[in-house]
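Student: Quick one: this structure, given as structure tokens, is what I'll be asking you about.
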Amino acid sequence: MGYIAFEKRYETMGYRRCGKSGLKLPLVSLGLWHNFGTNDDFDNMKKLCFTAFDRGITHFDLANNYGPVPGAAEENFGKIISKELQAYRDELIISTKAGYLMWDGPYGEWGSRKYLLSSLDQSLKRMQLDYVDIFYHHRPDPETPLEETMGALSTAVQSGKALYVGISNYDGERMKQAAKILEELKCPFVINQNPYSILNRGIEQNGLKQSAAEIGKGVIAFSPLAQGLLGGRYLNGIPSDSRIRTSGKFLSEKNLTADVLNKIEKLNQLAKQRGQTLAQMSLSWVLKDEKVTSVLIGASKPEQIIENTKIVNHTEFTQEELTAIDEISIG
């Protein structure tokens with residue numbers, strides 16, 4: 001017998017409306033950036049997806065280039081959807097993106113109409129889907145007119161290949177410009193995806209978080225554990241199977257300065273006082289106000305998903321706690 005979802009899955013998760021849209025996302029979403037590549041264990045991928053859905057995680061986030069190799073995450077997820085999760089398709093929010101390098105030549109990255117719509121067709125084929133729920137432009141393109149890029153997103157919706165659209169890695173001003181174009185096109189733009197964590201306040205500094213709230217758009221945060229720095233794994237040295245040891249592409253030993261380690265230790269003590277792990281407190285902090293719709297987690301083990309989803313009823317902070325976190329992290 002194939003996978004059968006836990007019948008009480010919706011009792012353990014909270015959901016927030018995505019800006020002023022009708023779409024609700026789970027407080028915790030699962031990102032497939034890591035651990036769904038060509039050389040990763042397929043049975044473990046299935047366990048991660050099943051554990052997530054059993055805990056009420058309805059949103060699975062991908063991109064065309066997730067792997068390695070690029071496209072592998074979509075292909076592996078497509079196998080899981082078609083063979084195990086097809087019966088639950090209408091309960092799922094599946095997103096993908098295009099913007100980074102995907103194939104050779106001048107049409108293989110950035111934000112042209114040619115690239116975006118071709119990439120979406122490829123993504124749908126890899127995932128064995130008729131449509132995605134959210135299609136994102138993955139990064140701003142400094143050379144392509146914003147009208148062309150946003151027009152391509154609108155076409156994706158008009159063609160029935162996406163239900164909603166989003167943008168990723170845009171700042172507040174660029175987001176407002178994109179929103180104006182999409183509104184004129186009557187295209188359902190609902191969400192921004194950006195890095196956000198206790199140690200990375202970029203969306204506060206560039207105006208994205210406040211601007212999104214003002215015009216009624218959602219925000220979903222990726223890298224909420226600052227590429228693992230806030231995961232608690234580096235409190236007692238560097239584990240041999242940690243991302244620093246196994247990858248080093250996005251996080252290296254030079255990131256673990258004495259100052260960073262000191263901050264992590266102090267934050268860990270504060271987390272203990274709240275009855276949380278450092279990772280749990282860091283995820284809760286991202287969701288501390290309604291301006292952030294959902295937080296994206298990655299996982300290599302099902303147990304991590306179970307631990308991280310325990311934050312759902314523990315996202316409130318006292319003013320004293322928030323002040324202490326700010327003093328530790330930004331001085």
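Letters A, B, ... go to the chains of the structure tokens in the order shown; residues in each chain start at 1; ligands are counted from 1 in the same order.
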Extract the full set of strand (DSSP E or B) residues from segment 145-325 of chain A according to DSSP on the backbone, and format it as a VMD selection string.
Tutor: chain A and resid 162 to 168 189 to 195 197 200 218 to 222 294 to 297
Student: Mind writing the picked residues with N, CA and C atoms as a CSV table (one decimal), in the first residue's frame?
Tutor:
chain,number,residue,atom,x,y,z
A,162,ALA,N,0.3,28.5,-14.1
A,162,ALA,CA,0.5,29.0,-12.7
A,162,ALA,C,-0.7,29.6,-12.2
A,163,LEU,N,-1.0,29.5,-10.9
A,163,LEU,CA,-2.2,30.1,-10.3
A,163,LEU,C,-1.9,31.5,-9.7
A,164,TYR,N,-0.7,31.6,-9.1
A,164,TYR,CA,-0.2,32.9,-8.6
A,164,TYR,C,1.2,33.1,-9.0
A,165,VAL,N,1.7,34.3,-8.8
A,165,VAL,CA,3.1,34.6,-9.1
A,165,VAL,C,3.8,35.3,-7.9
A,166,GLY,N,5.1,35.2,-7.9
A,166,GLY,CA,5.9,35.8,-6.8
A,166,GLY,C,7.2,36.3,-7.4
A,167,ILE,N,7.9,37.0,-6.5
A,167,ILE,CA,9.2,37.5,-6.9
A,167,ILE,C,10.2,37.2,-5.7
A,168,SER,N,11.4,37.0,-6.0
A,168,SER,CA,12.4,36.6,-5.0
A,168,SER,C,13.7,37.5,-5.1
A,189,PHE,N,-0.2,38.6,-8.1
A,189,PHE,CA,1.1,38.6,-7.4
A,189,PHE,C,0.8,38.6,-5.9
A,190,VAL,N,1.3,37.6,-5.2
A,190,VAL,CA,0.9,37.4,-3.8
A,190,VAL,C,2.1,37.4,-2.9
A,191,ILE,N,3.3,37.1,-3.3
A,191,ILE,CA,4.4,36.8,-2.4
A,191,ILE,C,5.8,37.2,-2.8
A,192,ASN,N,6.6,37.6,-1.8
A,192,ASN,CA,8.0,37.8,-2.0
A,192,ASN,C,8.8,36.8,-1.2
A,193,GLN,N,9.8,36.3,-1.8
A,193,GLN,CA,10.7,35.3,-1.1
A,193,GLN,C,12.1,35.9,-1.0
A,194,ASN,N,12.5,36.0,0.3
A,194,ASN,CA,13.8,36.6,0.5
A,194,ASN,C,14.5,36.0,1.8
A,195,PRO,N,15.8,36.1,1.9
A,195,PRO,CA,16.5,35.6,3.1
A,195,PRO,C,16.1,36.5,4.3
A,197,SER,N,16.6,36.4,8.8
A,197,SER,CA,16.9,35.7,10.0
A,197,SER,C,17.4,36.7,11.0
A,200,ASN,N,20.4,38.1,9.7
A,200,ASN,CA,20.3,38.7,8.4
A,200,ASN,C,19.0,39.6,8.3
A,218,GLY,N,2.4,39.0,0.6
A,218,GLY,CA,3.0,38.1,1.6
A,218,GLY,C,4.5,38.1,1.5
A,219,VAL,N,5.2,37.6,2.6
A,219,VAL,CA,6.6,37.4,2.6
A,219,VAL,C,6.9,36.0,3.1
A,220,ILE,N,7.7,35.2,2.4
A,220,ILE,CA,8.2,33.9,2.9
A,220,ILE,C,9.7,34.0,3.0
A,221,ALA,N,10.2,33.6,4.1
A,221,ALA,CA,11.6,33.8,4.5
A,221,ALA,C,12.4,32.5,4.2
A,222,PHE,N,13.5,32.6,3.4
A,222,PHE,CA,14.4,31.5,3.3
A,222,PHE,C,15.7,31.8,4.1
A,294,SER,N,5.2,32.9,6.1
A,294,SER,CA,5.7,31.6,6.3
A,294,SER,C,7.2,31.6,6.4
A,295,VAL,N,7.8,30.5,7.0
A,295,VAL,CA,9.2,30.4,7.1
A,295,VAL,C,9.6,29.1,6.4
A,296,LEU,N,10.6,29.1,5.5
A,296,LEU,CA,11.0,28.0,4.7
A,296,LEU,C,12.1,27.3,5.5
A,297,ILE,N,11.9,26.0,5.7
A,297,ILE,CA,12.9,25.2,6.4
A,297,ILE,C,13.5,24.2,5.3
Student: Compile the contact shell of segment 54-62 of chain A as a ChimeraX atom specification: residues with an atom at most 8 Å away, counting only C-alpha atoms, same-chain residues fewer than 5 positions apart removed.
Tutor: /A:5-13,25-26,28-33,73-74,91-97,306,309
Student: Do you know which residues are at most 8 Å from segment 37-40 of chain A counting only C-alpha atoms, after dropping those on the same chain fewer than 4 positions away, and could you put them as a PyMOL selection string?
Tutor: chain A and resi 45+66-69+72-73+76
Student: Store the residues picked out above, limited to N, CA, C and O atoms, as a compact mmCIF listing (two decimals), in the first residue's frame.
Tutor:
# COMPACT_ATOMS: atom_id res chain seq x y z
N MET A 45 14.13 11.26 0.73
CA MET A 45 13.32 12.35 0.16
C MET A 45 11.84 12.10 0.41
O MET A 45 11.09 13.01 0.79
N TYR A 66 17.49 23.82 -8.58
CA TYR A 66 17.80 23.08 -7.37
C TYR A 66 18.27 21.67 -7.72
O TYR A 66 17.68 20.98 -8.55
N GLY A 67 19.32 21.25 -7.06
CA GLY A 67 19.91 19.94 -7.30
C GLY A 67 20.90 19.62 -6.20
O GLY A 67 20.51 19.68 -5.04
N PRO A 68 22.15 19.40 -6.58
CA PRO A 68 22.65 19.23 -7.95
C PRO A 68 22.25 17.86 -8.51
O PRO A 68 21.96 16.98 -7.74
N VAL A 69 22.23 17.72 -9.83
CA VAL A 69 22.42 18.69 -10.89
C VAL A 69 21.18 19.55 -11.00
O VAL A 69 20.11 19.15 -10.52
N ALA A 72 17.32 18.42 -10.78
CA ALA A 72 17.18 17.14 -10.09
C ALA A 72 16.11 17.19 -9.01
O ALA A 72 15.35 16.23 -8.84
N ALA A 73 16.04 18.29 -8.26
CA ALA A 73 15.04 18.38 -7.18
C ALA A 73 13.63 18.31 -7.75
O ALA A 73 12.77 17.60 -7.23
N ASN A 76 12.99 14.66 -8.93
CA ASN A 76 12.75 13.74 -7.81
C ASN A 76 11.41 14.02 -7.14
O ASN A 76 10.67 13.09 -6.81
Student: Counting only C-alpha atoms, what is within 10 Å of Lys114 of chain A, bar same-chain residues fewer than 4 positions away, as a ChimeraX atom specification?
Tutor: /A:106-109,118-119,148-149,152
Student: Taking into account only C-alpha atoms, which residue in the set A:Leu129, A:Leu124, A:Ala179, A:Ile80 is nearest to Leu146 of chain A?
Tutor: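 Distance minimum relative to Leu146 of chain A lands on A:Ala179.
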Student: Extract, using only C-alpha atoms, all DNA, RNA and protein residues at most 7 Å from segment 228-232 of chain A, discarding same-chain residues fewer than 6 positions from it, and format them as a PyMOL selection string.
Tutor: chain A and resi 264+278-279+282
Student: Can you work out which one of A:Val157, A:Met175, A:Ala258, A:Ile134 has the shortest atom-to-atom distance to Ser211 of chain A, counting only C-alpha atoms?
Tutor: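 Ranking A:Val157, A:Met175, A:Ala258, A:Ile134 by distance to Ser211 of chain A, first place goes to A:Met175.
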Student: Show me, as a ChimeraX atom specification, the residues that have an atom within 12 Å of Ile4 of chain A when counting only C-alpha atoms, minus same-chain residues fewer than 5 positions from it.
Tutor: /A:9,50-51,53-54,83-88
Student: Would you mind exporting the chosen residues as an mmCIF file, in the first residue's frame, restricted to all heavy atoms?
Tutor:
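The resulting file, selection04.cif, is shown below:
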data_model
loop_
_atom_site.group_PDB
_atom_site.id
_atom_site.type_symbol
_atom_site.label_atom_id
_atom_site.label_comp_id
_atom_site.auth_asym_id
_atom_site.auth_seq_id
_atom_site.Cartn_x
_atom_site.Cartn_y
_atom_site.Cartn_z
ATOM 1 N N ARG A 9 -3.549 15.786 10.327
ATOM 2 C CA ARG A 9 -2.420 16.645 9.949
ATOM 3 C C ARG A 9 -2.712 18.139 10.079
ATOM 4 O O ARG A 9 -1.803 18.925 10.333
ATOM 5 C CB ARG A 9 -1.971 16.320 8.521
ATOM 6 C CG ARG A 9 -3.040 16.477 7.452
ATOM 7 C CD ARG A 9 -2.596 15.849 6.135
ATOM 8 N NE ARG A 9 -3.630 15.864 5.105
ATOM 9 C CZ ARG A 9 -4.594 14.950 5.024
ATOM 10 N NH1 ARG A 9 -4.658 13.976 5.911
ATOM 11 N NH2 ARG A 9 -5.493 15.010 4.060
ATOM 12 N N PHE A 50 6.685 13.110 3.247
ATOM 13 C CA PHE A 50 5.570 12.524 3.990
ATOM 14 C C PHE A 50 5.493 13.091 5.403
ATOM 15 O O PHE A 50 4.400 13.403 5.899
ATOM 16 C CB PHE A 50 5.713 10.997 4.060
ATOM 17 C CG PHE A 50 5.714 10.305 2.735
ATOM 18 C CD1 PHE A 50 6.199 9.006 2.617
ATOM 19 C CD2 PHE A 50 5.251 10.938 1.582
ATOM 20 C CE1 PHE A 50 6.207 8.353 1.402
ATOM 21 C CE2 PHE A 50 5.258 10.291 0.349
ATOM 22 C CZ PHE A 50 5.745 8.996 0.265
ATOM 23 N N THR A 51 6.652 13.220 6.054
ATOM 24 C CA THR A 51 6.676 13.771 7.415
ATOM 25 C C THR A 51 6.158 15.201 7.410
ATOM 26 O O THR A 51 5.383 15.597 8.292
ATOM 27 C CB THR A 51 8.103 13.730 7.989
ATOM 28 O OG1 THR A 51 8.567 12.381 8.009
ATOM 29 C CG2 THR A 51 8.138 14.289 9.409
ATOM 30 N N PHE A 53 4.084 16.687 5.227
ATOM 31 C CA PHE A 53 2.634 16.745 4.990
ATOM 32 C C PHE A 53 1.855 16.217 6.190
ATOM 33 O O PHE A 53 0.807 16.763 6.553
ATOM 34 C CB PHE A 53 2.285 15.961 3.723
ATOM 35 C CG PHE A 53 0.872 16.180 3.254
ATOM 36 C CD1 PHE A 53 0.339 17.459 3.145
ATOM 37 C CD2 PHE A 53 0.069 15.106 2.910
ATOM 38 C CE1 PHE A 53 -0.968 17.667 2.717
ATOM 39 C CE2 PHE A 53 -1.237 15.292 2.466
ATOM 40 C CZ PHE A 53 -1.756 16.579 2.387
ATOM 41 N N ASP A 54 2.377 15.190 6.838
ATOM 42 C CA ASP A 54 1.717 14.652 8.032
ATOM 43 C C ASP A 54 1.681 15.664 9.171
ATOM 44 O O ASP A 54 0.837 15.565 10.068
ATOM 45 C CB ASP A 54 2.426 13.381 8.513
ATOM 46 C CG ASP A 54 2.101 12.157 7.672
ATOM 47 O OD1 ASP A 54 1.129 12.215 6.891
ATOM 48 O OD2 ASP A 54 2.819 11.145 7.788
ATOM 49 N N LYS A 83 3.663 9.320 -7.854
ATOM 50 C CA LYS A 83 3.488 7.967 -7.329
ATOM 51 C C LYS A 83 2.878 7.918 -5.929
ATOM 52 O O LYS A 83 2.265 6.906 -5.561
ATOM 53 C CB LYS A 83 4.842 7.251 -7.318
ATOM 54 C CG LYS A 83 5.407 7.014 -8.714
ATOM 55 C CD LYS A 83 6.765 6.335 -8.651
ATOM 56 C CE LYS A 83 7.342 6.125 -10.053
ATOM 57 N NZ LYS A 83 8.698 5.528 -10.020
ATOM 58 N N GLU A 84 3.048 8.982 -5.137
ATOM 59 C CA GLU A 84 2.640 8.910 -3.737
ATOM 60 C C GLU A 84 1.680 10.009 -3.288
ATOM 61 O O GLU A 84 0.862 9.797 -2.391
ATOM 62 C CB GLU A 84 3.884 8.962 -2.830
ATOM 63 C CG GLU A 84 4.943 7.925 -3.154
ATOM 64 C CD GLU A 84 4.634 6.555 -2.594
ATOM 65 O OE1 GLU A 84 3.582 6.411 -1.940
ATOM 66 O OE2 GLU A 84 5.449 5.635 -2.785
ATOM 67 N N LEU A 85 1.791 11.196 -3.865
ATOM 68 C CA LEU A 85 1.028 12.343 -3.361
ATOM 69 C C LEU A 85 -0.047 12.831 -4.324
ATOM 70 O O LEU A 85 -0.697 13.847 -4.059
ATOM 71 C CB LEU A 85 1.981 13.504 -3.035
ATOM 72 C CG LEU A 85 2.894 13.316 -1.825
ATOM 73 C CD1 LEU A 85 3.922 14.446 -1.759
ATOM 74 C CD2 LEU A 85 2.095 13.261 -0.536
ATOM 75 N N GLN A 86 -0.229 12.146 -5.437
ATOM 76 C CA GLN A 86 -1.164 12.617 -6.452
ATOM 77 C C GLN A 86 -2.575 12.800 -5.903
ATOM 78 O O GLN A 86 -3.288 13.741 -6.267
ATOM 79 C CB GLN A 86 -1.194 11.644 -7.629
ATOM 80 C CG GLN A 86 -1.931 12.171 -8.852
ATOM 81 C CD GLN A 86 -1.323 13.447 -9.413
ATOM 82 O OE1 GLN A 86 -0.113 13.514 -9.611
ATOM 83 N NE2 GLN A 86 -2.126 14.462 -9.641
ATOM 84 N N ALA A 87 -2.990 11.927 -5.019
ATOM 85 C CA ALA A 87 -4.337 12.003 -4.450
ATOM 86 C C ALA A 87 -4.548 13.258 -3.620
ATOM 87 O O ALA A 87 -5.685 13.680 -3.377
ATOM 88 C CB ALA A 87 -4.615 10.766 -3.586
ATOM 89 N N TYR A 88 -3.420 13.886 -3.189
ATOM 90 C CA TYR A 88 -3.500 15.073 -2.333
ATOM 91 C C TYR A 88 -3.126 16.355 -3.072
ATOM 92 O O TYR A 88 -2.929 17.401 -2.445
ATOM 93 C CB TYR A 88 -2.567 14.894 -1.120
ATOM 94 C CG TYR A 88 -2.844 13.633 -0.339
ATOM 95 C CD1 TYR A 88 -2.042 12.496 -0.497
ATOM 96 C CD2 TYR A 88 -3.923 13.558 0.545
ATOM 97 C CE1 TYR A 88 -2.298 11.325 0.208
ATOM 98 C CE2 TYR A 88 -4.186 12.395 1.263
ATOM 99 C CZ TYR A 88 -3.373 11.289 1.091
ATOM 100 O OH TYR A 88 -3.635 10.134 1.797
#
Student: Please extract the residues of segment 36-273 of chain A with a backbone DSSP assignment of helix (DSSP H, G or I) and present them as a PyMOL selection string.
Tutor: chain A and resi 42-54+72-91+113-127+146-158+172-184+202-205+208-214+226-228+243-246+253-255+258-273
Student: Would you mind telling me which residue in A:Ser329, A:Gln205, A:Asn308, A:Asn169 lies nearest to Glu265 of chain A when using only C-alpha atoms?
Tutor: A:Ser329
Student: What is the distance, in Å and to one decimal place, between atom CA of Val312 of chain A and atom CA of Trp285 of chain A?
Tutor: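 Taking atom CA of Val312 of chain A as the start and atom CA of Trp285 of chain A as the end point, the length is 11.3 Å.
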Student: I'd like the neighbourhood of Leu48 of chain A as number ranges by chain, where a residue qualifies if any of its atoms comes within 8 Å (using only C-alpha atoms), though same-chain residues fewer than 2 positions away should be ignored.
Tutor: A: 44-46, 50-52, 299-302, 305
Student: Please dump the current selection as an mmCIF file, in the first residue's frame; keep N, CA, C and O atoms.
Tutor:
data_model
loop_
_atom_site.group_PDB
_atom_site.id
_atom_site.type_symbol
_atom_site.label_atom_id
_atom_site.label_comp_id
_atom_site.auth_asym_id
_atom_site.auth_seq_id
_atom_site.Cartn_x
_atom_site.Cartn_y
_atom_site.Cartn_z
ATOM 1 N N ASN A 44 14.830 8.673 1.505
ATOM 2 C CA ASN A 44 14.837 9.743 2.505
ATOM 3 C C ASN A 44 14.035 10.944 2.016
ATOM 4 O O ASN A 44 13.329 11.597 2.802
ATOM 5 N N MET A 45 14.129 11.255 0.726
ATOM 6 C CA MET A 45 13.324 12.353 0.159
ATOM 7 C C MET A 45 11.841 12.100 0.410
ATOM 8 O O MET A 45 11.095 13.007 0.794
ATOM 9 N N LYS A 46 11.417 10.864 0.163
ATOM 10 C CA LYS A 46 10.005 10.523 0.381
ATOM 11 C C LYS A 46 9.629 10.702 1.850
ATOM 12 O O LYS A 46 8.572 11.257 2.161
ATOM 13 N N PHE A 50 6.685 13.110 3.247
ATOM 14 C CA PHE A 50 5.570 12.524 3.990
ATOM 15 C C PHE A 50 5.493 13.091 5.403
ATOM 16 O O PHE A 50 4.400 13.403 5.899
ATOM 17 N N THR A 51 6.652 13.220 6.054
ATOM 18 C CA THR A 51 6.676 13.771 7.415
ATOM 19 C C THR A 51 6.158 15.201 7.410
ATOM 20 O O THR A 51 5.383 15.597 8.292
ATOM 21 N N ALA A 52 6.593 15.973 6.409
ATOM 22 C CA ALA A 52 6.142 17.360 6.315
ATOM 23 C C ALA A 52 4.625 17.431 6.160
ATOM 24 O O ALA A 52 3.942 18.160 6.903
ATOM 25 N N ALA A 299 15.596 20.324 5.365
ATOM 26 C CA ALA A 299 15.808 19.229 6.306
ATOM 27 C C ALA A 299 16.551 18.101 5.619
ATOM 28 O O ALA A 299 16.347 17.832 4.435
ATOM 29 N N SER A 300 17.414 17.437 6.382
ATOM 30 C CA SER A 300 18.089 16.238 5.887
ATOM 31 C C SER A 300 17.532 15.003 6.569
ATOM 32 O O SER A 300 17.735 13.883 6.097
ATOM 33 N N LYS A 301 16.817 15.202 7.687
ATOM 34 C CA LYS A 301 16.227 14.089 8.429
ATOM 35 C C LYS A 301 14.786 14.440 8.800
ATOM 36 O O LYS A 301 14.492 15.592 9.131
ATOM 37 N N PRO A 302 13.877 13.473 8.779
ATOM 38 C CA PRO A 302 12.483 13.730 9.171
ATOM 39 C C PRO A 302 12.360 14.320 10.571
ATOM 40 O O PRO A 302 11.483 15.153 10.827
ATOM 41 N N ILE A 305 12.199 18.068 10.793
ATOM 42 C CA ILE A 305 10.898 18.650 10.459
ATOM 43 C C ILE A 305 9.973 18.611 11.669
ATOM 44 O O ILE A 305 9.297 19.594 11.986
#
